[in-house]
Every structure is written in C-alpha cells, then in structure tokens.
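Asks: Input file: entry_18.pdb. Contents: PDB, C-alpha atoms and all ligand atoms.
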```pdb
ATOM      1  CA  MET A   1     117.586 105.060 112.465  1.00  0.00           C
ATOM      2  CA  LYS A   2     118.712 106.792 109.322  1.00  0.00           C
ATOM      3  CA  ASP A   3     116.853 106.579 106.038  1.00  0.00           C
ATOM      4  CA  VAL A   4     118.444 104.349 103.429  1.00  0.00           C
ATOM      5  CA  ASP A   5     118.983 104.926  99.717  1.00  0.00           C
ATOM      6  CA  ILE A   6     118.064 101.954  97.575  1.00  0.00           C
ATOM      7  CA  SER A   7     117.998 101.296  93.871  1.00  0.00           C
ATOM      8  CA  LEU A   8     115.875  98.505  92.488  1.00  0.00           C
ATOM      9  CA  LYS A   9     114.339  97.384  89.242  1.00  0.00           C
ATOM     10  CA  VAL A  10     110.594  96.728  89.263  1.00  0.00           C
ATOM     11  CA  ASN A  11     108.870  95.392  86.157  1.00  0.00           C
ATOM     12  CA  GLY A  12     111.854  96.414  84.080  1.00  0.00           C
ATOM     13  CA  ARG A  13     111.972  99.996  85.343  1.00  0.00           C
ATOM     14  CA  ARG A  14     114.667 101.288  87.687  1.00  0.00           C
ATOM     15  CA  TYR A  15     113.724 103.235  90.801  1.00  0.00           C
ATOM     16  CA  ASP A  16     116.048 105.171  93.110  1.00  0.00           C
ATOM     17  CA  LEU A  17     114.351 105.680  96.455  1.00  0.00           C
ATOM     18  CA  THR A  18     115.058 106.795  99.980  1.00  0.00           C
ATOM     19  CA  VAL A  19     113.263 104.540 102.439  1.00  0.00           C
ATOM     20  CA  ARG A  20     112.900 104.120 106.158  1.00  0.00           C
ATOM     21  CA  PRO A  21     115.024 101.174 107.264  1.00  0.00           C
ATOM     22  CA  ASN A  22     112.002  99.465 108.821  1.00  0.00           C
ATOM     23  CA  MET A  23     109.905  99.653 105.669  1.00  0.00           C
ATOM     24  CA  THR A  24     109.037  96.423 103.909  1.00  0.00           C
ATOM     25  CA  LEU A  25     109.332  95.704 100.220  1.00  0.00           C
ATOM     26  CA  LEU A  26     105.533  95.391 100.192  1.00  0.00           C
ATOM     27  CA  GLN A  27     105.188  98.952 101.500  1.00  0.00           C
ATOM     28  CA  VAL A  28     107.622 100.198  98.882  1.00  0.00           C
ATOM     29  CA  ILE A  29     105.711  98.452  96.089  1.00  0.00           C
ATOM     30  CA  ARG A  30     102.258  99.570  97.195  1.00  0.00           C
ATOM     31  CA  ASP A  31     102.839 102.925  98.881  1.00  0.00           C
ATOM     32  CA  ARG A  32     105.836 104.342  97.060  1.00  0.00           C
ATOM     33  CA  LEU A  33     105.413 102.870  93.588  1.00  0.00           C
ATOM     34  CA  ASP A  34     101.591 102.736  93.611  1.00  0.00           C
ATOM     35  CA  LEU A  35     101.628  99.157  92.358  1.00  0.00           C
ATOM     36  CA  THR A  36      98.610  98.060  94.363  1.00  0.00           C
ATOM     37  CA  GLY A  37      98.028  94.756  92.581  1.00  0.00           C
ATOM     38  CA  THR A  38     100.238  93.127  95.209  1.00  0.00           C
ATOM     39  CA  LYS A  39      98.027  92.589  98.252  1.00  0.00           C
ATOM     40  CA  GLU A  40      98.625  92.736 101.975  1.00  0.00           C
ATOM     41  CA  SER A  41      96.737  90.354 104.200  1.00  0.00           C
ATOM     42  CA  CYS A  42      98.460  88.728 107.173  1.00  0.00           C
ATOM     43  CA  GLY A  43     101.619  90.834 107.069  1.00  0.00           C
ATOM     44  CA  MET A  44     103.458  87.912 108.690  1.00  0.00           C
ATOM     45  CA  GLY A  45     104.551  85.626 105.867  1.00  0.00           C
ATOM     46  CA  GLU A  46     101.647  83.239 106.328  1.00  0.00           C
ATOM     47  CA  CYS A  47      99.263  83.828 103.416  1.00  0.00           C
ATOM     48  CA  GLY A  48     101.185  84.598 100.227  1.00  0.00           C
ATOM     49  CA  ALA A  49      98.902  87.487  99.194  1.00  0.00           C
ATOM     50  CA  CYS A  50     101.983  89.711  98.893  1.00  0.00           C
ATOM     51  CA  THR A  51     103.978  87.317  96.674  1.00  0.00           C
ATOM     52  CA  VAL A  52     106.294  88.882  94.106  1.00  0.00           C
ATOM     53  CA  ILE A  53     109.225  87.485  92.138  1.00  0.00           C
ATOM     54  CA  MET A  54     112.561  88.793  93.388  1.00  0.00           C
ATOM     55  CA  ASN A  55     115.725  87.777  91.539  1.00  0.00           C
ATOM     56  CA  GLY A  56     113.923  84.817  90.002  1.00  0.00           C
ATOM     57  CA  ARG A  57     112.344  83.463  93.192  1.00  0.00           C
ATOM     58  CA  THR A  58     109.032  84.078  94.862  1.00  0.00           C
ATOM     59  CA  VAL A  59     109.156  86.002  98.126  1.00  0.00           C
ATOM     60  CA  ASN A  60     106.604  87.216 100.617  1.00  0.00           C
ATOM     61  CA  SER A  61     107.230  90.917 100.146  1.00  0.00           C
ATOM     62  CA  CYS A  62     105.779  91.678 103.591  1.00  0.00           C
ATOM     63  CA  LEU A  63     108.809  89.909 105.089  1.00  0.00           C
ATOM     64  CA  VAL A  64     111.515  91.532 102.978  1.00  0.00           C
ATOM     65  CA  PRO A  65     113.035  94.640 104.584  1.00  0.00           C
ATOM     66  CA  ALA A  66     113.184  97.350 101.938  1.00  0.00           C
ATOM     67  CA  PRO A  67     116.959  97.836 102.360  1.00  0.00           C
ATOM     68  CA  GLN A  68     117.437  94.168 101.405  1.00  0.00           C
ATOM     69  CA  ALA A  69     115.806  94.888  98.046  1.00  0.00           C
ATOM     70  CA  ASP A  70     118.643  97.207  97.084  1.00  0.00           C
ATOM     71  CA  GLY A  71     119.915  96.025  93.705  1.00  0.00           C
ATOM     72  CA  ALA A  72     117.092  93.528  93.260  1.00  0.00           C
ATOM     73  CA  ASP A  73     115.158  92.733  90.126  1.00  0.00           C
ATOM     74  CA  ILE A  74     111.482  92.448  91.013  1.00  0.00           C
ATOM     75  CA  THR A  75     108.392  91.465  89.070  1.00  0.00           C
ATOM     76  CA  THR A  76     104.928  92.222  90.397  1.00  0.00           C
ATOM     77  CA  ILE A  77     101.541  91.248  88.999  1.00  0.00           C
ATOM     78  CA  GLU A  78     101.601  94.459  86.948  1.00  0.00           C
ATOM     79  CA  GLY A  79     104.780  93.262  85.225  1.00  0.00           C
ATOM     80  CA  ILE A  80     103.386  90.147  83.610  1.00  0.00           C
ATOM     81  CA  GLY A  81     101.269  90.066  80.507  1.00  0.00           C
ATOM     82  CA  ARG A  82     101.896  93.651  79.580  1.00  0.00           C
ATOM     83  CA  ALA A  83     100.619  92.983  76.078  1.00  0.00           C
ATOM     84  CA  GLY A  84      97.313  91.763  77.541  1.00  0.00           C
ATOM     85  CA  LEU A  85      96.553  89.136  80.115  1.00  0.00           C
ATOM     86  CA  HIS A  86      99.261  86.590  80.832  1.00  0.00           C
ATOM     87  CA  PRO A  87      98.208  83.000  79.956  1.00  0.00           C
ATOM     88  CA  VAL A  88      98.086  82.167  83.670  1.00  0.00           C
ATOM     89  CA  GLN A  89      95.676  85.044  84.242  1.00  0.00           C
ATOM     90  CA  LYS A  90      93.544  83.926  81.291  1.00  0.00           C
ATOM     91  CA  ALA A  91      93.413  80.386  82.622  1.00  0.00           C
ATOM     92  CA  PHE A  92      92.374  81.603  86.090  1.00  0.00           C
ATOM     93  CA  ILE A  93      89.449  83.410  84.501  1.00  0.00           C
ATOM     94  CA  GLU A  94      88.474  80.563  82.194  1.00  0.00           C
ATOM     95  CA  GLU A  95      88.628  77.951  84.960  1.00  0.00           C
ATOM     96  CA  TRP A  96      86.708  80.090  87.481  1.00  0.00           C
ATOM     97  CA  ALA A  97      89.726  79.985  89.813  1.00  0.00           C
ATOM     98  CA  ILE A  98      88.861  83.404  91.269  1.00  0.00           C
ATOM     99  CA  GLN A  99      86.145  84.289  93.739  1.00  0.00           C
ATOM    100  CA  CYS A 100      86.919  87.301  95.942  1.00  0.00           C
ATOM    101  CA  GLY A 101      90.234  87.637  94.095  1.00  0.00           C
ATOM    102  CA  TYR A 102      92.304  88.729  97.063  1.00  0.00           C
ATOM    103  CA  CYS A 103      94.688  85.782  96.854  1.00  0.00           C
ATOM    104  CA  THR A 104      94.811  85.831  93.053  1.00  0.00           C
ATOM    105  CA  PRO A 105      97.802  88.120  92.361  1.00  0.00           C
ATOM    106  CA  GLY A 106      99.967  86.095  94.734  1.00  0.00           C
ATOM    107  CA  MET A 107      98.726  82.792  93.329  1.00  0.00           C
ATOM    108  CA  VAL A 108      99.413  83.957  89.789  1.00  0.00           C
ATOM    109  CA  MET A 109     102.936  85.098  90.656  1.00  0.00           C
ATOM    110  CA  SER A 110     103.735  81.747  92.274  1.00  0.00           C
ATOM    111  CA  ALA A 111     102.350  79.940  89.228  1.00  0.00           C
ATOM    112  CA  VAL A 112     104.277  82.134  86.779  1.00  0.00           C
ATOM    113  CA  CYS A 113     107.521  81.542  88.694  1.00  0.00           C
ATOM    114  CA  LEU A 114     106.898  77.782  88.727  1.00  0.00           C
ATOM    115  CA  LEU A 115     106.148  77.602  85.000  1.00  0.00           C
ATOM    116  CA  ASP A 116     109.205  79.692  84.146  1.00  0.00           C
ATOM    117  CA  LYS A 117     111.355  77.045  85.799  1.00  0.00           C
ATOM    118  CA  ASN A 118     109.244  73.968  85.141  1.00  0.00           C
ATOM    119  CA  PRO A 119     106.993  74.302  82.094  1.00  0.00           C
ATOM    120  CA  GLN A 120     105.316  70.928  82.583  1.00  0.00           C
ATOM    121  CA  PRO A 121     104.810  70.524  86.328  1.00  0.00           C
ATOM    122  CA  THR A 122     103.025  67.590  87.871  1.00  0.00           C
ATOM    123  CA  GLU A 123      99.997  68.222  90.048  1.00  0.00           C
ATOM    124  CA  ASP A 124     102.128  67.596  93.129  1.00  0.00           C
ATOM    125  CA  GLU A 125     104.691  70.132  91.923  1.00  0.00           C
ATOM    126  CA  ILE A 126     101.937  72.704  91.380  1.00  0.00           C
ATOM    127  CA  ARG A 127     100.525  72.060  94.850  1.00  0.00           C
ATOM    128  CA  GLU A 128     104.000  72.382  96.343  1.00  0.00           C
ATOM    129  CA  ALA A 129     104.688  75.638  94.472  1.00  0.00           C
ATOM    130  CA  LEU A 130     101.384  77.121  95.665  1.00  0.00           C
ATOM    131  CA  SER A 131     101.630  75.758  99.202  1.00  0.00           C
ATOM    132  CA  GLY A 132     102.535  79.188 100.587  1.00  0.00           C
ATOM    133  CA  ASN A 133      99.485  80.834  99.014  1.00  0.00           C
ATOM    134  CA  LEU A 134      96.258  80.567 100.973  1.00  0.00           C
ATOM    135  CA  CYS A 135      92.794  80.885  99.455  1.00  0.00           C
ATOM    136  CA  ARG A 136      89.702  81.210 101.611  1.00  0.00           C
ATOM    137  CA  CYS A 137      87.217  80.874  98.768  1.00  0.00           C
ATOM    138  CA  THR A 138      87.936  78.421  95.991  1.00  0.00           C
ATOM    139  CA  GLY A 139      88.974  75.163  97.625  1.00  0.00           C
ATOM    140  CA  TYR A 140      92.099  75.123  95.391  1.00  0.00           C
ATOM    141  CA  ALA A 141      90.889  72.540  92.828  1.00  0.00           C
ATOM    142  CA  LYS A 142      90.080  75.188  90.222  1.00  0.00           C
ATOM    143  CA  ILE A 143      93.339  76.991  90.884  1.00  0.00           C
ATOM    144  CA  ILE A 144      95.320  73.796  90.286  1.00  0.00           C
ATOM    145  CA  LYS A 145      93.360  73.173  87.098  1.00  0.00           C
ATOM    146  CA  ALA A 146      94.029  76.721  85.914  1.00  0.00           C
ATOM    147  CA  VAL A 147      97.762  76.281  86.382  1.00  0.00           C
ATOM    148  CA  GLN A 148      97.652  72.954  84.520  1.00  0.00           C
ATOM    149  CA  LYS A 149      95.728  74.610  81.723  1.00  0.00           C
ATOM    150  CA  SER A 150      98.102  77.540  81.474  1.00  0.00           C
ATOM    151  CA  ALA A 151     101.035  75.137  81.260  1.00  0.00           C
ATOM    152  CA  GLY A 152      99.412  73.770  78.122  1.00  0.00           C
ATOM    153  CA  MET A 153      98.745  77.255  76.799  1.00  0.00           C
ATOM    154  CA  LEU A 154     102.239  78.436  77.387  1.00  0.00           C
ATOM    155  CA  TYR A 155     104.269  75.602  75.932  1.00  0.00           C
TER
HETATM  156  S1  LIG B   1     100.698  89.534 103.554  1.00  0.00           S
HETATM  157 FE1  LIG B   1     102.655  88.708 103.188  1.00  0.00          FE
HETATM  158  S2  LIG B   1     102.438  86.584 103.541  1.00  0.00           S
HETATM  159 FE2  LIG B   1     100.485  87.432 104.100  1.00  0.00          FE
HETATM  160  S1  LIG B   2      89.556  83.825  95.776  1.00  0.00           S
HETATM  161 FE1  LIG B   2      89.104  84.663  97.744  1.00  0.00          FE
HETATM  162  S2  LIG B   2      90.888  84.181  98.918  1.00  0.00           S
HETATM  163 FE2  LIG B   2      91.194  83.162  97.054  1.00  0.00          FE
END
```
Take the structure in this file and express it as structure tokens.

Replies:
Amino acid sequence: MKDVDISLKVNGRRYDLTVRPNMTLLQVIRDRLDLTGTKESCGMGECGACTVIMNGRTVNSCLVPAPQADGADITTIEGIGRAGLHPVQKAFIEEWAIQCGYCTPGMVMSAVCLLDKNPQPTEDEIREALSGNLCRCTGYAKIIKAVQKSAGMLY
C-alpha cells in the first residue's frame, strides 16, 4: 500500500503529512505531532481515552484511519484552555473528578464538545454525552458534578 499525503488542522495549526494508509488518527496525533495528551487504552473504540473533537464532533481517534482525517479540523486536549486551564479542566480538579487521570483527557473533550452545543445540559444529557468514556477509578459521580459545575462557570 502506498503512503498517503494528508493535510489537517490540529488545534488551529495546519499540518501536511505523509502517512501510512493503515495509520490511525490517534497514531498521527501522538507519534507524528507529539501531542501525547490524547491517550490510547483499548485501541478498539470501547473506552473513549482517545477522544478528540473532529469537525465539531467527538470521535474515538483510534478508530479513524489517518487518510480519513484529510481536510479535517481537529481539537485535542492541548487545544483547549490555551490561556490557562479550560473551565472544564478546572472543575475536574476542584471536584476531585480525577484519580489516575488516564480517562481524563477523553472525558474533558467529550464534556467540552457537549457544552459547546448545549451549555445547560441536564444530568441525563451529561451521562449520555460521556457514555462512551470509561473510568475505572472515580465511579462517575464526581465527573458528572464537575461537568455540571463547569456549565455554571462557562455560561
Ligand atoms: S483507545 Fe480509542 S476508544 Fe479506547
Ligand atoms: S481517573 Fe482513572 S480511569 Fe478515570
């Protein structure tokens, strides 16, 4: 299989890359762009650790073939709160919604995407938006509370 040229925008910066056709977007983000805030866990679309925002929607970047990201506009955890922590990140800290932290970047990206579209979500809407993000540590209650709190901080 031949390598593929792709051009994508990540956190507002354009990158022109040549990638193997079987590379994933997650591999591009972590291994080619050195943006290691996005985590890999299951590698099968089950856990949400690799969540990024692509063209306004959350995706599991481990499932996106790199060639499909050609022309895409992507935001990773490094792209939010560039002037300091994003309100969602602050709320996660204040509400003790982080333990090992491995799920946190993906959780935060799902929450940011939700709040961009729905600034005042109900608890059910928050749970639905985070349903693809698994956490082994926190039991979710503090994560939900952090998202509710950040909704108040943001708007
Ligand atoms: S690493 Fe992508 S969903 Fe688990
Ligand atoms: S804080 Fe450890 S997996 Fe969520």

Asks: Extract, using all atoms listed in the file, all DNA, RNA and protein residues at most 9 Å from Val4 (chain A), discarding same-chain residues fewer than 6 positions from it, and format them as an MDAnalysis selection string.

Replies: chainID A and resid 17:21 66:67

Asks: Any residue with an atom at most 8 Å from ligand LIG 2 (chain B) counts, using all atoms listed in the file. Which are they? Put them as a list in words.

Replies: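 Based on all atoms listed in the file, ligand LIG 2 (chain B) is surrounded within 8 Å by Ala97, Ile98, Gln99, Cys100, Gly101, Tyr102, Cys103, Thr104, Leu134, Cys135, Arg136, Cys137 and Thr138 of chain A.
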
Asks: Output the residue selection produced by the PyMOL selection byres (((chain A and resi 117-131) around 7) and not hetatm) on the file above, formatted as a compact mmCIF listing (two decimals) with C-alpha atoms, in the frame of the given file.

Replies:
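The file below, out.txt, is the result:
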```
# COMPACT_ATOMS: atom_id res chain seq x y z
CA MET A 107 98.73 82.79 93.33
CA SER A 110 103.74 81.75 92.27
CA CYS A 113 107.52 81.54 88.69
CA LEU A 114 106.90 77.78 88.73
CA LEU A 115 106.15 77.60 85.00
CA ASP A 116 109.20 79.69 84.15
CA GLY A 132 102.54 79.19 100.59
CA ASN A 133 99.48 80.83 99.01
CA ILE A 144 95.32 73.80 90.29
CA ALA A 151 101.04 75.14 81.26
CA TYR A 155 104.27 75.60 75.93
```

Asks: Find the residues around region 37-47 of chain A up to 6 Å (only C-alpha atoms counted), leave out those fewer than 2 positions away in its own chain, and share them as a CSV table (one decimal) with C-alpha atoms, in the frame of the given file.

Replies:
```csv
chain,number,residue,atom,x,y,z
A,35,LEU,CA,101.6,99.2,92.4
A,49,ALA,CA,98.9,87.5,99.2
A,50,CYS,CA,102.0,89.7,98.9
A,60,ASN,CA,106.6,87.2,100.6
A,62,CYS,CA,105.8,91.7,103.6
A,133,ASN,CA,99.5,80.8,99.0
A,134,LEU,CA,96.3,80.6,101.0
```

Asks: With all atoms listed in the file as the basis for distance, which of A:Met54, A:Ala141, A:Met109, A:Met1 is at the shortest distance from Ala72 (chain A)?

Replies: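 Result for the nearest residue to Ala72 (chain A): A:Met54.
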
Asks: Quick check on the file I pasted: which residues fall under the PyMOL selection byres (((chain A and resi 33) around 12) and not hetatm)? Write them as a PDB file with C-alpha atoms, keeping the file's coordinate frame.

Replies:
```pdb
ATOM      1  CA  LEU A   8     115.875  98.505  92.488  1.00  0.00           C
ATOM      2  CA  LYS A   9     114.339  97.384  89.242  1.00  0.00           C
ATOM      3  CA  VAL A  10     110.594  96.728  89.263  1.00  0.00           C
ATOM      4  CA  ASN A  11     108.870  95.392  86.157  1.00  0.00           C
ATOM      5  CA  ARG A  13     111.972  99.996  85.343  1.00  0.00           C
ATOM      6  CA  ARG A  14     114.667 101.288  87.687  1.00  0.00           C
ATOM      7  CA  TYR A  15     113.724 103.235  90.801  1.00  0.00           C
ATOM      8  CA  ASP A  16     116.048 105.171  93.110  1.00  0.00           C
ATOM      9  CA  LEU A  17     114.351 105.680  96.455  1.00  0.00           C
ATOM     10  CA  VAL A  19     113.263 104.540 102.439  1.00  0.00           C
ATOM     11  CA  LEU A  25     109.332  95.704 100.220  1.00  0.00           C
ATOM     12  CA  LEU A  26     105.533  95.391 100.192  1.00  0.00           C
ATOM     13  CA  GLN A  27     105.188  98.952 101.500  1.00  0.00           C
ATOM     14  CA  VAL A  28     107.622 100.198  98.882  1.00  0.00           C
ATOM     15  CA  ILE A  29     105.711  98.452  96.089  1.00  0.00           C
ATOM     16  CA  ARG A  30     102.258  99.570  97.195  1.00  0.00           C
ATOM     17  CA  ASP A  31     102.839 102.925  98.881  1.00  0.00           C
ATOM     18  CA  ARG A  32     105.836 104.342  97.060  1.00  0.00           C
ATOM     19  CA  ASP A  34     101.591 102.736  93.611  1.00  0.00           C
ATOM     20  CA  LEU A  35     101.628  99.157  92.358  1.00  0.00           C
ATOM     21  CA  THR A  36      98.610  98.060  94.363  1.00  0.00           C
ATOM     22  CA  GLY A  37      98.028  94.756  92.581  1.00  0.00           C
ATOM     23  CA  THR A  38     100.238  93.127  95.209  1.00  0.00           C
ATOM     24  CA  THR A  76     104.928  92.222  90.397  1.00  0.00           C
ATOM     25  CA  GLU A  78     101.601  94.459  86.948  1.00  0.00           C
TER      26      GLU A  78
END
```

Asks: At most 8 Å from (94.5, 79.3, 78.1), file frame, all atoms listed in the file: which residues, as a list in words?

Replies: Pro87, Val88, Lys90, Ala91, Glu94, Lys149, Ser150, Gly152, Met153 and Leu154 of chain A

Asks: List as a list in words the protein and nucleic acid residues near Asn55 (chain A), meaning an atom at most 9 Å away when all atoms listed in the file are counted, but skip any in the same chain fewer than 3 places from it.

Replies: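 Neighbouring residues, sequence-local ones excluded: Thr58, Ala72, Asp73, Ile74 and Thr75 of chain A.
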
Asks: Using only C-alpha atoms and all ligand atoms, which residue out of A:Gly106, A:Gly48, A:Gly12, A:Pro65 lies closest to ligand LIG 1 (chain B)?

Replies: A:Gly48

Asks: From the options A:Gln68, A:Ile80, A:Val52, A:Ala111, which residue's atoms come nearest to ligand LIG 1 (chain B), counting all atoms listed in the file?

Replies: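 Smallest distance to ligand LIG 1 (chain B) is found for A:Val52.
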
Asks: Taking only C-alpha atoms and all ligand atoms into account, which of A:Gly81, A:Gly56, A:Pro105, A:Gly139 comes nearest ligand LIG 1 (chain B)?

Replies: A:Pro105

Asks: Save N, CA, C and O atoms of region 133-154 of chain A from the block above as a tab-separated table (two decimals), in the first residue's frame.

Replies:
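What landed in part05.tsv:
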```tsv
chain	number	residue	atom	x	y	z
A	133	ASN	N	-17.15	7.16	27.36
A	133	ASN	CA	-15.89	7.35	28.09
A	133	ASN	C	-15.92	6.53	29.38
A	133	ASN	O	-16.73	6.79	30.26
A	134	LEU	N	-15.03	5.57	29.47
A	134	LEU	CA	-15.00	4.71	30.66
A	134	LEU	C	-13.97	5.22	31.66
A	134	LEU	O	-12.90	5.69	31.30
A	135	CYS	N	-14.35	5.11	32.95
A	135	CYS	CA	-13.43	5.44	34.03
A	135	CYS	C	-13.40	4.28	35.01
A	135	CYS	O	-14.44	3.82	35.46
A	136	ARG	N	-12.20	3.82	35.31
A	136	ARG	CA	-12.04	2.69	36.22
A	136	ARG	C	-11.94	3.13	37.67
A	136	ARG	O	-11.91	2.29	38.57
A	137	CYS	N	-11.80	4.43	37.90
A	137	CYS	CA	-11.42	4.88	39.25
A	137	CYS	C	-12.51	5.62	40.00
A	137	CYS	O	-12.70	5.39	41.19
A	138	THR	N	-13.19	6.55	39.35
A	138	THR	CA	-13.93	7.56	40.11
A	138	THR	C	-15.36	7.19	40.44
A	138	THR	O	-15.96	7.82	41.31
A	139	GLY	N	-15.95	6.26	39.71
A	139	GLY	CA	-17.37	5.97	39.94
A	139	GLY	C	-18.29	6.97	39.27
A	139	GLY	O	-19.51	6.91	39.46
A	140	TYR	N	-17.77	7.90	38.52
A	140	TYR	CA	-18.50	8.83	37.64
A	140	TYR	C	-19.21	9.98	38.36
A	140	TYR	O	-19.41	11.03	37.76
A	141	ALA	N	-19.64	9.82	39.61
A	141	ALA	CA	-20.44	10.87	40.25
A	141	ALA	C	-19.69	12.21	40.26
A	141	ALA	O	-20.27	13.27	39.96
A	142	LYS	N	-18.41	12.16	40.58
A	142	LYS	CA	-17.65	13.42	40.65
A	142	LYS	C	-17.40	14.00	39.26
A	142	LYS	O	-17.31	15.22	39.10
A	143	ILE	N	-17.31	13.14	38.29
A	143	ILE	CA	-17.15	13.62	36.90
A	143	ILE	C	-18.41	14.36	36.46
A	143	ILE	O	-18.35	15.46	35.89
A	144	ILE	N	-19.56	13.76	36.75
A	144	ILE	CA	-20.83	14.41	36.38
A	144	ILE	C	-20.94	15.76	37.08
A	144	ILE	O	-21.31	16.78	36.47
A	145	LYS	N	-20.59	15.79	38.36
A	145	LYS	CA	-20.67	17.04	39.11
A	145	LYS	C	-19.71	18.08	38.53
A	145	LYS	O	-20.05	19.27	38.45
A	146	ALA	N	-18.55	17.65	38.12
A	146	ALA	CA	-17.58	18.59	37.53
A	146	ALA	C	-18.13	19.19	36.24
A	146	ALA	O	-17.95	20.39	35.98
A	147	VAL	N	-18.80	18.39	35.44
A	147	VAL	CA	-19.35	18.93	34.19
A	147	VAL	C	-20.48	19.91	34.51
A	147	VAL	O	-20.58	20.99	33.91
A	148	GLN	N	-21.32	19.55	35.50
A	148	GLN	CA	-22.38	20.48	35.90
A	148	GLN	C	-21.78	21.79	36.39
A	148	GLN	O	-22.26	22.87	36.07
A	149	LYS	N	-20.75	21.68	37.19
A	149	LYS	CA	-20.11	22.89	37.71
A	149	LYS	C	-19.51	23.73	36.58
A	149	LYS	O	-19.66	24.95	36.56
A	150	SER	N	-18.85	23.09	35.65
A	150	SER	CA	-18.23	23.87	34.58
A	150	SER	C	-19.29	24.51	33.69
A	150	SER	O	-19.05	25.57	33.12
A	151	ALA	N	-20.44	23.91	33.58
A	151	ALA	CA	-21.52	24.55	32.82
A	151	ALA	C	-21.88	25.88	33.48
A	151	ALA	O	-22.07	26.90	32.80
A	152	GLY	N	-21.91	25.90	34.79
A	152	GLY	CA	-22.17	27.15	35.50
A	152	GLY	C	-21.04	28.14	35.37
A	152	GLY	O	-21.26	29.35	35.30
A	153	MET	N	-19.83	27.65	35.29
A	153	MET	CA	-18.67	28.53	35.18
A	153	MET	C	-18.57	29.13	33.79
A	153	MET	O	-18.10	30.26	33.61
A	154	LEU	N	-19.02	28.38	32.84
A	154	LEU	CA	-18.83	28.82	31.46
A	154	LEU	C	-19.88	29.83	31.03
A	154	LEU	O	-19.60	30.72	30.25
```
